[in-house]
>>> print(open('work.cif').read())   # mmCIF, C-alpha atoms
data_start
loop_
_atom_site.label_atom_id
_atom_site.label_comp_id
_atom_site.auth_asym_id
_atom_site.auth_seq_id
_atom_site.Cartn_x
_atom_site.Cartn_y
_atom_site.Cartn_z
CA LEU A 3 17.19 45.85 -0.37
CA THR A 4 16.62 46.85 3.25
CA GLN A 5 20.37 46.91 4.11
CA GLY A 6 19.86 44.47 6.99
CA ARG A 7 22.94 42.54 8.10
CA SER A 8 20.94 39.37 8.74
CA ALA A 9 17.76 37.88 7.39
CA ALA A 10 15.67 34.88 8.34
CA VAL A 11 12.58 32.96 7.34
CA LYS A 12 10.69 31.50 10.30
CA LEU A 13 8.08 28.88 9.41
CA TYR A 14 5.04 28.44 11.62
CA ASP A 15 3.16 25.19 12.28
CA PRO A 16 -0.30 26.05 13.64
CA LYS A 17 -0.93 22.43 14.62
CA THR A 18 1.91 22.41 17.14
CA GLY A 19 2.35 26.15 17.69
CA THR A 20 6.05 25.81 16.89
CA PHE A 21 8.47 27.71 14.68
CA THR A 22 11.43 26.46 12.71
CA CYS A 23 14.07 28.46 10.91
CA GLY A 24 13.65 27.81 7.19
CA ALA A 25 16.62 29.96 6.17
CA PHE A 26 19.15 32.31 7.77
CA GLU A 27 21.77 34.56 6.21
CA THR A 28 24.19 37.01 7.79
CA ASP A 29 26.62 39.59 6.43
CA PRO A 30 29.40 38.93 7.18
CA PRO A 31 28.76 35.17 7.43
CA ARG A 32 28.94 33.82 10.97
CA PRO A 33 28.82 30.26 12.35
CA LEU A 34 25.32 29.34 13.49
CA ALA A 35 24.21 26.97 16.20
CA ARG A 36 22.52 23.82 14.93
CA GLU A 37 19.43 24.62 16.98
CA LEU A 38 18.91 27.88 15.11
CA LEU A 39 18.46 26.06 11.84
CA SER A 40 16.77 22.80 12.80
CA GLU A 41 15.11 22.71 16.21
CA PRO A 42 11.42 23.66 16.47
CA PHE A 43 10.71 26.08 19.29
CA VAL A 44 7.70 27.65 20.97
CA PRO A 45 8.06 31.41 21.58
CA PRO A 46 6.38 33.21 24.49
CA ALA A 47 2.78 34.22 23.84
CA ASP A 48 3.67 37.94 23.99
CA SER A 49 6.71 37.71 21.70
CA PHE A 50 7.02 39.57 18.42
CA LEU A 51 6.92 36.21 16.60
CA MET A 52 3.39 35.59 17.81
CA LYS A 53 2.41 39.12 16.89
CA VAL A 54 3.72 38.60 13.37
CA VAL A 55 1.89 35.30 12.75
CA GLY A 56 -1.17 37.10 14.06
CA GLY A 57 -0.86 39.30 10.97
CA ALA A 58 0.98 42.31 12.44
CA THR A 59 4.17 43.94 11.22
CA VAL A 60 6.83 44.49 13.89
CA ARG A 61 9.47 47.19 13.64
CA VAL A 62 11.82 47.55 16.63
CA ARG A 63 14.54 50.17 16.90
CA GLU A 64 16.47 48.73 19.83
CA LEU A 65 15.69 45.09 20.48
CA GLN A 66 17.80 45.06 23.66
CA GLN A 67 15.25 47.37 25.25
CA GLU A 68 12.32 45.04 24.49
CA PRO A 69 11.13 42.76 27.31
CA MET A 70 11.29 39.68 25.08
CA HIS A 71 14.93 40.22 24.22
CA GLY A 72 16.07 38.62 27.44
CA ARG A 73 14.09 35.48 26.59
CA LEU A 74 15.95 34.69 23.39
CA PRO A 75 17.64 31.26 23.61
CA PRO A 76 21.34 31.42 24.50
CA TRP A 77 22.30 29.93 21.15
CA HIS A 78 20.50 32.70 19.21
CA VAL A 79 22.59 35.19 17.23
CA PRO A 80 22.68 38.71 18.74
CA LEU A 81 20.12 41.14 17.35
CA ARG A 82 19.69 44.89 17.51
CA GLY A 83 17.14 46.59 15.28
CA LEU A 84 14.46 44.32 13.82
CA LEU A 85 11.85 44.33 11.07
CA ALA A 86 9.46 41.37 10.78
CA VAL A 87 6.47 40.87 8.50
CA PRO A 88 3.98 38.00 8.19
CA MET A 89 3.93 35.48 5.34
CA ALA A 90 0.60 34.06 4.27
CA SER A 91 -0.67 31.32 1.97
CA ARG A 92 -2.97 31.97 -0.97
CA GLU A 93 -5.88 31.41 1.41
CA ARG A 94 -4.39 34.06 3.72
CA ASP A 95 -3.43 31.52 6.40
CA GLN A 96 -0.34 32.63 8.30
CA ILE A 97 2.54 30.27 7.53
CA GLY A 98 5.49 32.17 8.97
CA ALA A 99 7.44 35.39 9.09
CA LEU A 100 10.21 37.14 7.20
CA PHE A 101 12.84 38.96 9.27
CA VAL A 102 15.69 41.37 8.74
CA SER A 103 17.81 42.84 11.52
CA ASP A 104 20.79 45.09 12.26
CA LYS A 105 20.52 47.62 9.46
CA GLU A 106 23.86 48.86 8.13
CA GLY A 107 25.29 52.02 9.63
CA ASP A 108 23.28 51.55 12.82
CA GLN A 109 20.26 53.02 11.05
CA HIS A 110 16.66 52.21 11.87
CA PHE A 111 14.32 50.35 9.54
CA THR A 112 11.82 52.61 7.78
CA GLU A 113 8.33 52.34 6.35
CA ALA A 114 9.92 51.98 2.92
CA ASP A 115 11.89 48.98 4.21
CA GLU A 116 8.64 47.57 5.56
CA GLU A 117 6.94 47.91 2.15
CA VAL A 118 9.84 46.11 0.47
CA LEU A 119 9.78 43.27 2.98
CA LEU A 120 6.00 42.93 2.70
CA LEU A 121 6.35 42.60 -1.07
CA LEU A 122 9.01 39.90 -0.67
CA ALA A 123 6.84 38.08 1.86
CA SER A 124 3.85 38.15 -0.50
CA LEU A 125 6.01 36.45 -3.15
CA ALA A 126 7.66 33.99 -0.79
CA GLY A 127 4.47 32.83 0.92
CA PRO A 128 2.95 30.94 -2.03
CA VAL A 129 6.34 29.42 -2.88
CA ILE A 130 6.71 28.06 0.66
CA GLU A 131 3.12 26.86 0.58
CA ASN A 132 3.82 24.92 -2.63
CA ALA A 133 6.90 23.35 -1.07
CA ARG A 134 4.88 22.26 1.96
CA ILE A 135 2.17 20.79 -0.25
CA ARG A 136 4.77 18.83 -2.21
CA GLU A 137 6.28 17.55 1.03
CA GLU A 138 2.86 16.49 2.34
CA ILE A 139 2.07 14.73 -0.94
CA GLN A 140 5.41 12.93 -0.78
CA GLN A 141 4.79 11.86 2.80
CA ARG A 142 1.29 10.63 1.96
CA ALA A 143 2.63 8.77 -1.06
CA GLU A 144 5.25 7.05 1.11
CA VAL A 145 2.60 6.06 3.65
CA LEU A 146 0.30 4.79 0.89
CA ALA A 147 3.14 2.84 -0.70
CA GLY A 148 3.83 1.20 2.65
CA GLU A 149 0.16 0.30 3.11
CA ILE A 150 -0.01 -1.13 -0.41
CA ALA A 151 3.13 -3.19 0.24
CA VAL A 152 1.58 -4.60 3.43
CA GLN A 153 -1.69 -5.41 1.65
CA LYS A 154 0.18 -7.02 -1.23
CA GLN A 155 2.21 -9.13 1.16
CA TYR A 156 -0.97 -10.17 2.96
CA ALA A 157 -2.63 -11.13 -0.32
CA GLU A 158 0.43 -13.12 -1.35
CA ASN A 159 0.44 -14.93 1.99
CA VAL A 160 -3.23 -15.85 1.54
CA LEU A 161 -2.62 -16.92 -2.05
CA HIS A 162 0.23 -19.18 -1.01
CA SER A 163 -1.67 -20.66 1.95
CA ILE A 164 -4.91 -21.87 0.36
CA ALA A 165 -5.23 -25.40 -1.00
CA ASP A 166 -7.13 -24.38 -4.14
CA GLY A 167 -5.20 -23.70 -7.28
CA VAL A 168 -5.09 -20.00 -8.16
CA TYR A 169 -3.36 -18.42 -11.12
CA THR A 170 -3.54 -15.23 -13.13
CA VAL A 171 -2.82 -14.59 -16.79
CA ASP A 172 -2.25 -11.47 -18.84
CA ALA A 173 -4.34 -10.39 -21.83
CA GLU A 174 -2.55 -12.99 -23.98
CA ASN A 175 -3.30 -15.77 -21.47
CA ARG A 176 0.34 -15.99 -20.39
CA VAL A 177 0.68 -17.08 -16.77
CA VAL A 178 1.66 -14.26 -14.40
CA GLU A 179 1.12 -15.90 -11.01
CA TRP A 180 0.83 -19.55 -10.03
CA ASN A 181 0.28 -20.51 -6.42
CA PRO A 182 1.45 -23.63 -4.51
CA GLY A 183 -2.10 -25.02 -4.60
CA ALA A 184 -1.94 -25.03 -8.40
CA GLU A 185 1.43 -26.79 -8.22
CA ALA A 186 0.06 -29.49 -5.91
CA ILE A 187 -2.97 -30.20 -8.12
CA THR A 188 -1.26 -30.16 -11.54
CA GLY A 189 2.33 -31.08 -10.78
CA TRP A 190 3.54 -27.97 -12.67
CA THR A 191 5.73 -25.56 -10.69
CA ALA A 192 5.60 -21.80 -10.97
CA GLU A 193 9.10 -21.78 -12.46
CA GLU A 194 7.88 -24.04 -15.25
CA VAL A 195 4.71 -22.18 -16.20
CA VAL A 196 5.10 -18.44 -15.50
CA GLY A 197 5.38 -16.61 -18.81
CA ARG A 198 3.89 -19.49 -20.80
CA PRO A 199 0.35 -19.59 -22.28
CA CYS A 200 -1.85 -21.79 -20.10
CA SER A 201 -2.89 -23.65 -23.25
CA ASP A 202 0.66 -25.05 -23.47
CA PHE A 203 0.33 -27.27 -20.43
CA LEU A 204 -3.12 -27.23 -18.76
CA LYS A 205 -4.97 -27.93 -22.00
CA HIS A 206 -8.49 -27.68 -20.62
CA THR A 207 -11.03 -30.04 -22.19
CA ASP A 208 -14.64 -30.94 -21.54
CA ALA A 209 -15.76 -34.36 -20.31
CA ALA A 210 -15.72 -35.69 -23.86
CA GLY A 211 -12.12 -34.60 -24.36
CA THR A 212 -12.94 -31.65 -26.65
CA PRO A 213 -10.31 -28.89 -26.26
CA LEU A 214 -11.61 -25.67 -24.74
CA CYS A 215 -8.54 -23.52 -25.43
CA PHE A 216 -9.01 -20.90 -28.14
CA THR A 217 -12.79 -21.41 -28.10
CA GLU A 218 -15.65 -19.47 -26.58
CA HIS A 219 -15.92 -22.18 -23.94
CA CYS A 220 -12.50 -21.41 -22.46
CA PRO A 221 -13.18 -20.11 -18.91
CA PHE A 222 -11.06 -17.04 -19.57
CA SER A 223 -12.76 -16.28 -22.89
CA ALA A 224 -16.20 -16.78 -21.36
CA SER A 225 -15.49 -14.42 -18.43
CA ALA A 226 -13.96 -11.79 -20.73
CA ARG A 227 -16.99 -11.93 -23.01
CA VAL A 228 -19.46 -11.15 -20.21
CA ARG A 229 -16.92 -8.97 -18.35
CA GLN A 230 -17.66 -10.64 -15.03
CA ALA A 231 -16.99 -13.81 -13.08
CA ILE A 232 -18.56 -16.96 -14.49
CA PRO A 233 -20.19 -19.76 -12.45
CA THR A 234 -18.09 -22.75 -11.48
CA GLN A 235 -17.91 -25.40 -14.19
CA GLU A 236 -16.27 -28.79 -14.40
CA VAL A 237 -13.46 -29.18 -16.90
CA PHE A 238 -10.43 -31.40 -17.23
CA GLY A 239 -6.83 -30.31 -17.07
CA THR A 240 -3.61 -32.11 -17.92
CA HIS A 241 -1.34 -33.14 -15.04
CA LYS A 242 2.41 -32.87 -15.60
CA ALA A 243 2.55 -36.67 -15.43
CA GLY A 244 0.22 -36.81 -18.44
CA HIS A 245 -3.09 -37.94 -16.96
CA ARG A 246 -6.27 -35.91 -16.91
CA VAL A 247 -7.50 -34.25 -13.70
CA ALA A 248 -11.14 -33.32 -13.13
CA LEU A 249 -11.30 -29.68 -12.01
CA ALA A 250 -14.03 -27.41 -10.70
CA VAL A 251 -13.09 -24.09 -12.29
CA SER A 252 -14.25 -20.51 -11.83
CA ALA A 253 -12.77 -17.52 -13.63
CA ALA A 254 -13.05 -13.74 -13.60
CA PRO A 255 -11.63 -11.02 -15.87
CA LEU A 256 -9.17 -8.40 -14.62
CA PHE A 257 -9.38 -4.76 -15.74
CA ASP A 258 -7.20 -1.67 -15.34
CA ASP A 259 -8.46 1.68 -14.01
CA LYS A 260 -9.62 2.59 -17.54
CA GLY A 261 -11.77 -0.51 -17.88
CA GLU A 262 -9.41 -2.20 -20.32
CA LEU A 263 -9.03 -5.98 -20.04
CA THR A 264 -5.59 -6.82 -18.64
CA GLY A 265 -5.99 -10.52 -17.93
CA ALA A 266 -7.94 -12.95 -15.80
CA VAL A 267 -7.79 -15.05 -12.66
CA GLU A 268 -8.82 -18.69 -12.33
CA VAL A 269 -9.50 -20.66 -9.17
CA PHE A 270 -9.73 -24.44 -9.42
CA ARG A 271 -9.84 -27.50 -7.21
CA ASP A 272 -9.35 -31.20 -7.83
CA VAL A 273 -12.74 -32.95 -7.86
CA SER A 274 -11.44 -36.30 -9.08
CA ARG A 275 -12.19 -37.97 -5.75
CA GLU A 276 -15.39 -36.11 -4.93
#
>>> encode(input="work.cif", output="structure tokens")
Amino acid sequence: LTQGRSAAVKLYDPKTGTFTCGAFETDPPRPLARELLSEPFVPPADSFLMKVVGGATVRVRELQQEPMHGRLPPWHVPLRGLLAVPMASRERDQIGALFVSDKEGDQHFTEADEEVLLLLASLAGPVIENARIREEIQQRAEVLAGEIAVQKQYAENVLHSIADGVYTVDAENRVVEWNPGAEAITGWTAEEVVGRPCSDFLKHTDAAGTPLCFTEHCPFSASARVRQAIPTQEVFGTHKAGHRVALAVSAAPLFDDKGELTGAVEVFRDVSRE
């Protein structure tokens, strides 16, 4: 539209004061140094780049005659005439600059060219802003995922280190997690019980031998009914070897972010010898 032989998008990072080249096109195509496309750089304070991110439009007829021309990096493509306009976010923060240079036929850039480039910059600015926001969200999500993984690993280490039996069930009372403490107390391994209803093997009863499973006295049912942890109570569970084990049991319901019941957790210890 402006008949420039080359065009570039320079992105500005106000936190570091650096620029990077977001895009560069030439006509005819020419090989470009890697630094031109990837390396951040800090321009001199009096350069046209700094003027542009300050909100000014720069139109230069003969760049070779400008003082800053001699300070261009050696890997930079040669430039003659130049037109540069600022790009801003929706909040009017300066996020970079849009450039064209070397107008065809050795002509100079005009006010009409400037109006066209300003229009393009006004359209490009919000698009670049959206891309940056998406990138920041992705980076934050990756950091958060890493933190969650560390916390999960820590919780698993704690779960596997304590002597008490700890296990979780889903909303159908099928075992989801079963720690080594639970294995040591009951004789049942995680491989044997995960995915099975706890009523299949633990078979909680009261002191008189009355089954608690599928009744309101089941620790999981009781905690779900009041929607909070219940006080520790003494029940009996069935060891894999077949004998009963006296257990001090506490249970608490588990909910999702919508408040829907998703399962429960039970902590128990062997009180047979206490």
>>> resolve_selection(input="work.cif", expression="the PyMOL selection byres ((chain A and resi 173) around 12)", output="JSON, numbers by chain")
{"A": [170, 171, 172, 174, 175, 176, 177, 178, 197, 199, 200, 222, 223, 226, 255, 256, 257, 258, 262, 263, 264, 265, 266, 267]}
>>> write_last_selection(input="work.cif", atoms="C-alpha atoms", output="compact mmCIF listing (two decimals), in the frame of the given file")
# COMPACT_ATOMS: atom_id res chain seq x y z
CA THR A 170 -3.54 -15.23 -13.13
CA VAL A 171 -2.82 -14.59 -16.79
CA ASP A 172 -2.25 -11.47 -18.84
CA GLU A 174 -2.55 -12.99 -23.98
CA ASN A 175 -3.30 -15.77 -21.47
CA ARG A 176 0.34 -15.99 -20.39
CA VAL A 177 0.68 -17.08 -16.77
CA VAL A 178 1.66 -14.26 -14.40
CA GLY A 197 5.38 -16.61 -18.81
CA PRO A 199 0.35 -19.59 -22.28
CA CYS A 200 -1.85 -21.79 -20.10
CA PHE A 222 -11.06 -17.04 -19.57
CA SER A 223 -12.76 -16.28 -22.89
CA ALA A 226 -13.96 -11.79 -20.73
CA PRO A 255 -11.63 -11.02 -15.87
CA LEU A 256 -9.17 -8.40 -14.62
CA PHE A 257 -9.38 -4.76 -15.74
CA ASP A 258 -7.20 -1.67 -15.34
CA GLU A 262 -9.41 -2.20 -20.32
CA LEU A 263 -9.03 -5.98 -20.04
CA THR A 264 -5.59 -6.82 -18.64
CA GLY A 265 -5.99 -10.52 -17.93
CA ALA A 266 -7.94 -12.95 -15.80
CA VAL A 267 -7.79 -15.05 -12.66
>>> atom_distance(input="work.cif", atom1="CA of Gly127 (chain A)", atom2="CA of Lys12 (chain A)")
11.3 Å
>>> atom_distance(input="work.cif", atom1="CA of Leu119 (chain A)", atom2="CA of Ala133 (chain A)")
20.5 Å
>>> closest_residue(input="work.cif", among="A:Ile97, A:Leu121, A:Val152, A:Cys23", to="Val54 (chain A)", atoms="all atoms listed in the file")
A:Ile97
>>> atom_distance(input="work.cif", atom1="CA of Ile187 (chain A)", atom2="CA of Gln230 (chain A)")
25.4 Å
>>> residues_near_point(input="work.cif", point="(6.2, 25.8, 2.0)", cutoff="10 Å", atoms="all atoms listed in the file", output="PyMOL selection string")
chain A and resi 13+24+91+97-98+126-138
>>> residues_around(input="work.cif", residues="Asp15 (chain A)", least_positions_apart="4", cutoff="10 Å", atoms="all atoms listed in the file", output="JSON, numbers by chain")
{"A": [19, 20, 21, 22, 42, 96, 97, 98]}
>>> residues_around(input="work.cif", residues="Thr212 (chain A)", least_positions_apart="5", cutoff="12 Å", atoms="all atoms listed in the file", output="list in words")
Lys205, His206, Thr207, Thr217, His219, Cys220, Val237, Phe238 and Gly239 of chain A
>>> closest_residue(input="work.cif", among="A:Phe203, A:Asp166, A:Ala209, A:Ala10", to="Asp272 (chain A)", atoms="all atoms listed in the file")
A:Asp166
>>> closest_residue(input="work.cif", among="A:Lys154, A:Arg271, A:Arg227, A:Arg61", to="Val251 (chain A)", atoms="only C-alpha atoms")
A:Arg271
>>> resolve_selection(input="work.cif", expression="the PyMOL selection byres ((chain A and resi 110) around 6)", output="PyMOL selection string")
chain A and resi 63+109+111
>>> closest_residue(input="work.cif", among="A:Gly244, A:Pro88, A:Pro213, A:Gly183", to="Thr59 (chain A)", atoms="only C-alpha atoms")
A:Pro88
>>> closest_residue(input="work.cif", among="A:Gly189, A:Gly167, A:Gly56, A:Gly148", to="Ala253 (chain A)", atoms="only C-alpha atoms")
A:Gly167
>>> closest_residue(input="work.cif", among="A:Pro46, A:Pro233, A:Gly211, A:Pro221", to="Arg246 (chain A)", atoms="only C-alpha atoms")
A:Gly211
>>> resolve_selection(input="work.cif", expression="the PyMOL selection byres ((chain A and resi 182) around 9)", output="ChimeraX atom specification")
/A:161-168,180-181,183-187,191-192
